[in-house]
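Text of coords-v2.txt, listed as compact mmCIF, C-alpha atoms:
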# COMPACT_ATOMS: atom_id res chain seq x y z
CA MET A 7 -77.66 -30.11 95.74
CA ASN A 8 -80.11 -27.24 96.11
CA PRO A 9 -79.17 -24.06 97.95
CA ILE A 10 -80.52 -23.77 101.50
CA PRO A 11 -82.41 -20.49 102.14
CA ASP A 12 -81.22 -19.97 105.71
CA ASP A 13 -77.59 -20.61 104.75
CA ASP A 14 -77.24 -16.89 104.04
CA THR A 15 -78.05 -15.69 107.56
CA PRO A 16 -75.28 -13.45 108.94
CA LEU A 17 -73.94 -13.87 112.47
CA GLY A 18 -72.87 -11.15 114.87
CA HIS A 19 -72.53 -7.55 113.79
CA VAL A 20 -69.91 -5.32 112.23
CA LEU A 21 -68.09 -3.20 114.79
CA THR A 22 -67.05 0.33 113.96
CA ARG A 23 -63.53 1.57 114.60
CA ARG A 24 -64.83 3.60 117.57
CA GLU A 25 -66.55 0.54 119.07
CA VAL A 26 -63.41 -1.59 118.80
CA LEU A 27 -61.22 1.10 120.36
CA GLY A 28 -63.70 1.60 123.16
CA LEU A 29 -63.94 -2.12 123.82
CA LEU A 30 -60.21 -2.67 123.98
CA GLY A 31 -59.37 0.59 125.68
CA ILE A 32 -56.16 1.15 123.69
CA PRO A 33 -56.32 4.38 121.65
CA GLY A 34 -54.70 4.14 118.27
CA VAL A 35 -54.29 0.34 118.36
CA LEU A 36 -56.75 -2.17 116.98
CA MET A 37 -56.63 -5.83 117.80
CA GLY A 38 -58.70 -8.75 116.54
CA ILE A 39 -61.75 -9.85 118.47
CA GLY A 40 -64.09 -12.80 118.36
CA TRP A 41 -66.85 -10.85 116.57
CA PRO A 42 -67.07 -9.80 112.94
CA VAL A 43 -65.27 -6.53 112.23
CA SER A 44 -65.23 -4.38 109.14
CA ALA A 45 -62.26 -4.44 106.80
CA ALA A 46 -61.49 -0.83 107.74
CA SER A 47 -61.33 -1.78 111.43
CA ILE A 48 -58.98 -4.75 111.17
CA ARG A 49 -55.40 -4.49 112.32
CA VAL A 50 -52.92 -7.23 113.10
CA LEU A 51 -50.71 -8.04 116.05
CA PRO A 52 -48.03 -10.69 115.58
CA GLY A 53 -49.82 -14.00 115.09
CA CYS A 54 -53.22 -12.51 115.90
CA VAL A 55 -55.82 -11.70 113.24
CA ALA A 56 -59.50 -10.81 113.58
CA ARG A 57 -61.88 -12.73 111.34
CA PRO A 58 -65.60 -12.44 110.61
CA GLN A 59 -68.02 -15.07 111.79
CA GLN A 60 -70.21 -16.64 109.11
CA THR A 61 -73.20 -18.93 109.17
CA GLU A 62 -72.83 -22.51 110.35
CA GLY A 63 -75.10 -23.67 107.54
CA PRO A 64 -77.36 -26.73 107.61
CA TYR A 65 -74.73 -29.48 107.53
CA PHE A 66 -72.89 -29.29 110.85
CA VAL A 67 -73.10 -32.56 112.79
CA ASP A 68 -71.36 -32.81 116.16
CA GLU A 69 -69.78 -36.18 115.47
CA SER A 70 -67.15 -36.04 118.26
CA LEU A 71 -64.59 -37.51 115.85
CA ASN A 72 -61.17 -36.72 117.29
CA ARG A 73 -58.94 -37.22 114.27
CA SER A 74 -56.48 -35.27 112.18
CA ASP A 75 -56.97 -37.12 108.88
CA VAL A 76 -60.65 -36.71 107.95
CA ARG A 77 -60.54 -38.32 104.51
CA SER A 78 -61.75 -41.76 105.59
CA ASP A 79 -65.21 -42.95 106.53
CA PRO A 80 -65.09 -44.84 109.84
CA SER A 81 -68.27 -46.71 108.92
CA ASP A 82 -66.60 -48.74 106.15
CA GLY A 83 -62.95 -47.65 105.95
CA SER A 84 -63.31 -46.08 102.51
CA VAL A 85 -61.23 -42.99 101.68
CA LYS A 86 -62.60 -40.05 99.74
CA PRO A 87 -60.70 -39.40 96.50
CA GLY A 88 -59.36 -35.95 95.77
CA THR A 89 -56.30 -33.74 95.88
CA ARG A 90 -54.68 -33.80 99.31
CA PHE A 91 -55.03 -30.62 101.33
CA ASP A 92 -53.22 -30.10 104.64
CA LEU A 93 -54.93 -27.40 106.71
CA ALA A 94 -53.59 -25.94 109.96
CA PHE A 95 -55.27 -23.49 112.31
CA LYS A 96 -53.28 -21.14 114.52
CA VAL A 97 -55.66 -19.92 117.22
CA SER A 98 -54.81 -17.03 119.55
CA ARG A 99 -56.43 -15.44 122.58
CA ILE A 100 -56.68 -11.64 122.49
CA SER A 101 -56.73 -9.49 125.59
CA SER A 102 -56.17 -5.78 126.11
CA GLN A 103 -52.53 -6.51 126.89
CA ALA A 104 -51.39 -9.34 124.67
CA CYS A 105 -52.05 -11.90 121.96
CA THR A 106 -51.12 -15.39 123.10
CA PRO A 107 -51.55 -18.94 121.71
CA LEU A 108 -54.84 -20.51 122.75
CA ALA A 109 -54.24 -24.10 123.87
CA GLY A 110 -57.04 -26.57 124.46
CA ALA A 111 -59.52 -25.13 121.97
CA VAL A 112 -61.63 -27.64 120.02
CA VAL A 113 -61.48 -27.01 116.25
CA ASP A 114 -64.01 -28.79 114.01
CA ILE A 115 -63.94 -28.83 110.21
CA TRP A 116 -66.48 -30.18 107.73
CA HIS A 117 -66.95 -29.80 103.99
CA CYS A 118 -68.31 -31.54 100.90
CA ASP A 119 -66.51 -34.16 98.84
CA HIS A 120 -65.44 -33.94 95.18
CA LEU A 121 -69.07 -34.37 94.09
CA GLY A 122 -70.47 -31.69 96.41
CA ILE A 123 -71.88 -34.17 98.95
CA TYR A 124 -71.72 -33.86 102.75
CA SER A 125 -71.66 -36.85 105.08
CA ASP A 126 -74.26 -37.86 107.68
CA VAL A 127 -77.14 -35.68 106.45
CA GLN A 128 -80.34 -35.96 104.47
CA ASP A 129 -80.72 -33.60 101.54
CA PRO A 130 -83.15 -33.50 98.60
CA ASP A 131 -80.32 -34.78 96.40
CA PHE A 132 -78.65 -37.36 98.67
CA ASP A 133 -78.90 -39.32 101.90
CA THR A 134 -75.58 -40.04 103.63
CA VAL A 135 -76.85 -40.64 107.16
CA GLY A 136 -74.37 -42.88 108.98
CA LYS A 137 -71.39 -41.78 106.87
CA LYS A 138 -68.78 -39.57 108.51
CA PHE A 139 -66.27 -38.62 105.80
CA LEU A 140 -64.63 -35.19 105.77
CA ARG A 141 -65.53 -34.39 109.37
CA GLY A 142 -63.47 -34.28 112.52
CA TYR A 143 -61.97 -32.18 115.26
CA GLN A 144 -58.58 -31.52 116.80
CA VAL A 145 -57.57 -29.79 120.04
CA THR A 146 -55.06 -26.95 119.76
CA ASP A 147 -51.64 -27.64 121.25
CA GLY A 148 -49.48 -25.35 123.38
CA ASP A 149 -48.75 -23.19 120.33
CA GLY A 150 -52.46 -22.85 119.51
CA ILE A 151 -52.10 -25.17 116.50
CA ALA A 152 -54.59 -27.74 115.20
CA ARG A 153 -53.75 -29.71 112.04
CA PHE A 154 -55.93 -31.58 109.55
CA THR A 155 -55.39 -33.66 106.44
CA THR A 156 -58.32 -33.57 104.04
CA ILE A 157 -59.02 -33.12 100.32
CA TYR A 158 -59.57 -29.99 98.29
CA PRO A 159 -63.37 -29.48 98.41
CA GLY A 160 -65.67 -29.91 95.44
CA TRP A 161 -68.62 -27.69 94.59
CA TYR A 162 -72.40 -27.70 94.67
CA HIS A 163 -75.13 -25.48 93.30
CA GLY A 164 -75.41 -22.00 94.80
CA ARG A 165 -72.13 -21.89 96.74
CA THR A 166 -68.53 -21.15 95.98
CA VAL A 167 -65.93 -23.65 97.17
CA HIS A 168 -65.49 -23.49 100.95
CA VAL A 169 -64.60 -25.27 104.20
CA HIS A 170 -66.66 -24.85 107.37
CA PHE A 171 -64.97 -24.56 110.75
CA LYS A 172 -65.97 -24.10 114.37
CA ILE A 173 -63.73 -23.23 117.33
CA ARG A 174 -65.06 -24.03 120.80
CA SER A 175 -63.83 -24.14 124.35
CA ALA A 176 -63.30 -27.51 126.00
CA PRO A 177 -66.58 -28.93 127.37
CA SER A 178 -65.36 -28.45 130.95
CA SER A 179 -64.53 -24.75 130.45
CA THR A 180 -66.63 -22.12 132.21
CA PRO A 181 -67.59 -19.78 130.71
CA GLY A 182 -67.42 -21.35 127.29
CA PHE A 183 -67.06 -19.77 123.86
CA GLU A 184 -67.85 -20.66 120.25
CA PHE A 185 -66.74 -19.13 116.95
CA THR A 186 -68.05 -20.37 113.60
CA SER A 187 -67.04 -19.34 110.10
CA GLN A 188 -65.96 -20.55 106.65
CA LEU A 189 -62.74 -20.61 104.62
CA TYR A 190 -62.37 -19.82 100.92
CA PHE A 191 -59.97 -20.46 98.04
CA ASP A 192 -58.63 -18.38 95.18
CA ASP A 193 -60.84 -18.97 92.13
CA ALA A 194 -57.91 -19.53 89.80
CA LEU A 195 -56.51 -22.25 92.05
CA THR A 196 -59.91 -23.93 92.29
CA ASP A 197 -60.22 -23.89 88.49
CA GLU A 198 -56.84 -25.57 88.27
CA VAL A 199 -57.66 -28.28 90.81
CA HIS A 200 -61.17 -28.92 89.49
CA ALA A 201 -59.89 -29.37 85.94
CA ARG A 202 -58.36 -32.66 87.11
CA GLN A 203 -60.03 -35.87 88.20
CA PRO A 204 -61.97 -36.78 90.23
CA TYR A 205 -63.41 -33.24 90.20
CA ALA A 206 -63.64 -32.85 86.43
CA ALA A 207 -66.28 -35.58 86.18
CA LYS A 208 -68.83 -33.28 87.87
CA GLY A 209 -68.42 -30.54 85.29
CA GLN A 210 -67.78 -26.83 85.61
CA ARG A 211 -68.98 -25.13 88.80
CA ASN A 212 -71.69 -22.50 88.53
CA GLN A 213 -70.65 -20.19 91.38
CA ARG A 214 -67.47 -18.24 92.06
CA ASN A 215 -66.41 -16.19 95.06
CA ALA A 216 -67.73 -12.84 93.86
CA GLY A 217 -71.19 -14.26 93.19
CA ASP A 218 -71.59 -16.03 96.53
CA GLY A 219 -73.83 -14.13 98.94
CA ILE A 220 -72.09 -15.54 102.01
CA PHE A 221 -68.61 -14.85 100.65
CA ARG A 222 -69.61 -11.22 100.10
CA ARG A 223 -70.16 -10.88 103.86
CA GLY A 224 -66.51 -10.95 104.85
CA GLY A 225 -65.14 -13.74 102.69
CA SER A 226 -62.16 -11.68 101.55
CA GLN A 227 -60.93 -11.84 105.17
CA LEU A 228 -61.34 -15.62 105.20
CA MET A 229 -59.25 -16.47 102.13
CA LEU A 230 -56.66 -19.18 102.53
CA ALA A 231 -53.08 -18.55 101.42
CA VAL A 232 -52.58 -21.94 99.78
CA SER A 233 -49.17 -23.23 98.78
CA ARG A 234 -48.19 -26.29 96.81
CA SER A 235 -46.59 -29.14 98.71
CA SER A 236 -44.97 -32.40 97.65
CA ARG A 237 -48.25 -34.18 98.46
CA GLY A 238 -50.80 -31.63 97.21
CA TYR A 239 -51.62 -28.29 98.79
CA ALA A 240 -51.30 -26.77 102.25
CA ALA A 241 -52.42 -23.68 104.16
CA THR A 242 -52.30 -22.21 107.66
CA PHE A 243 -55.14 -20.03 108.88
CA GLU A 244 -54.57 -17.61 111.77
CA VAL A 245 -57.47 -16.39 113.87
CA GLY A 246 -57.58 -14.37 117.08
CA LEU A 247 -60.48 -14.61 119.54
CA GLN A 248 -61.46 -12.39 122.42
CA ASN A 249 -63.34 -13.80 125.44
CA ALA A 250 -61.72 -17.17 124.79

Since I need it in another form, could you write the structure as structure tokens?
Amino acid sequence: MNPIPDDDTPLGHVLTRREVLGLLGIPGVLMGIGWPVSAASIRVLPGCVARPQQTEGPYFVDESLNRSDVRSDPSDGSVKPGTRFDLAFKVSRISSQACTPLAGAVVDIWHCDHLGIYSDVQDPDFDTVGKKFLRGYQVTDGDGIARFTTIYPGWYHGRTVHVHFKIRSAPSSTPGFEFTSQLYFDDALTDEVHARQPYAAKGQRNQRNAGDGIFRRGGSQLMLAVSRSSRGYAATFEVGLQNA
């Protein structure tokens, strides 16, 4: 797969400490917001963490697939091989007074398979139009949680290993909101997973986190804390949004 030139376009802007304080109106306290913020400006409230937005990239398709397990392809029932990865999102709403679970938010994920291929797109190296593997959405529950079962992603030329995600308001919500970013993995863990089949058949990846231009724009704040589970690996990602 060839790198896509516009996949490196940043979203939003980096807020200074003064801007964040002025926006929230709470001197001496910083809370997460739904815009990118600099590492020096980030502080945490219980269960509420600011994260940077990153580019959507060229492979988002609004499939409207409401499902937790995204490993299968509804078009033929096949299941993508790979190491199981259970991913949960904990989404919070941030106001000037509190950080509370955000129920009813629509969380989409999409990523490539073990060979670096995305579903339902045309690319110079593949055509998967009509396939829908490794895509889906869930709606956050009363605790702001959305859960997915997928596989550990593979790699493709020009990018480090990542998962795309998008958080949106329900279609009936007015005003609506949208937050788009990417998730990343520790390089050592990826090396360990990719040394096994089916990943090993593709060969050694040619990009790591530090060399990825998109990762360098806030990726350290989007790293997953992955733990081993009895079925593979698991992680929970916390994100706080303002104006949600």

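The gap separating atom CA of A:Ala111 from atom CA of A:Pro181 is 13.0 Å, in Å to one decimal.
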
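Closest approach to A:Asp193 among A:Arg153, A:Arg57, A:Arg214, A:His168: A:Arg214, based on all atoms listed in the file.
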
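A straight line drawn from atom CA of A:Leu140 to atom CA of A:Ser235 is 20.3 Å long.
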
Could you please give me, as a PyMOL selection string, the residues of protein, DNA or RNA lying at most 10 Å from (-57.9, -41.4, 110.3) in the coordinate frame of the file, considering all atoms listed in the file? chain A and resi 71-80+83+85+139+142+155

Can you list, as a ChimeraX atom specification, every protein, DNA or RNA residue that comes within 8 Å of A:Asp92 when you count only C-alpha atoms, leaving out same-chain residues fewer than 6 positions away? /A:153-157,238-241

Using all atoms listed in the file, can you tell me which of A:Asn215, A:Thr61, A:Thr166, A:Thr89 comes closest to A:Arg202? A:Thr89

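Between atom CA of A:Leu228 and atom CA of A:Pro58 the separation is 7.6 Å.
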
8 Å contact set for stretch 112-123 of chain A, only C-alpha atoms, chain neighbours under 2 positions out, as JSON, numbers by chain: {"A": [7, 66, 86, 87, 88, 110, 125, 132, 140, 141, 142, 143, 144, 145, 146, 152, 157, 158, 159, 160, 161, 162, 168, 169, 170, 171, 172, 173, 174, 175, 176, 204, 205, 208]}

Stretch 147-196 of chain A residues near stretch 98-106 of chain A within 10 Å, closest pair each, using all atoms listed in the file, as CSV:
residue,atom,partner,partner_atom,distance
A:Asp149,CA,A:Thr106,CA,8.6
A:Gly150,CA,A:Ser98,CA,6.3
A:Ile151,CA,A:Ser98,CA,9.1

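Distance annotation: of A:Thr134, A:Gln203, A:Ser187, A:Ser84, the residue with the minimal separation from A:Phe243 is A:Ser187; atom set is all atoms listed in the file.
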
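With only C-alpha atoms as the basis for measurement, A:Ala94 is the residue among A:Ala94, A:Ala207, A:Ala109, A:Cys54 that approaches A:Thr242 most closely.
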
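Closest approach to A:Phe91 among A:Gln248, A:Gly164, A:Ser233, A:Glu184: A:Ser233, based on only C-alpha atoms.
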
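Nearest to A:Asp131 of all the residues A:Arg234, A:Arg222, A:His200, A:His163 is A:His163, based on all atoms listed in the file.
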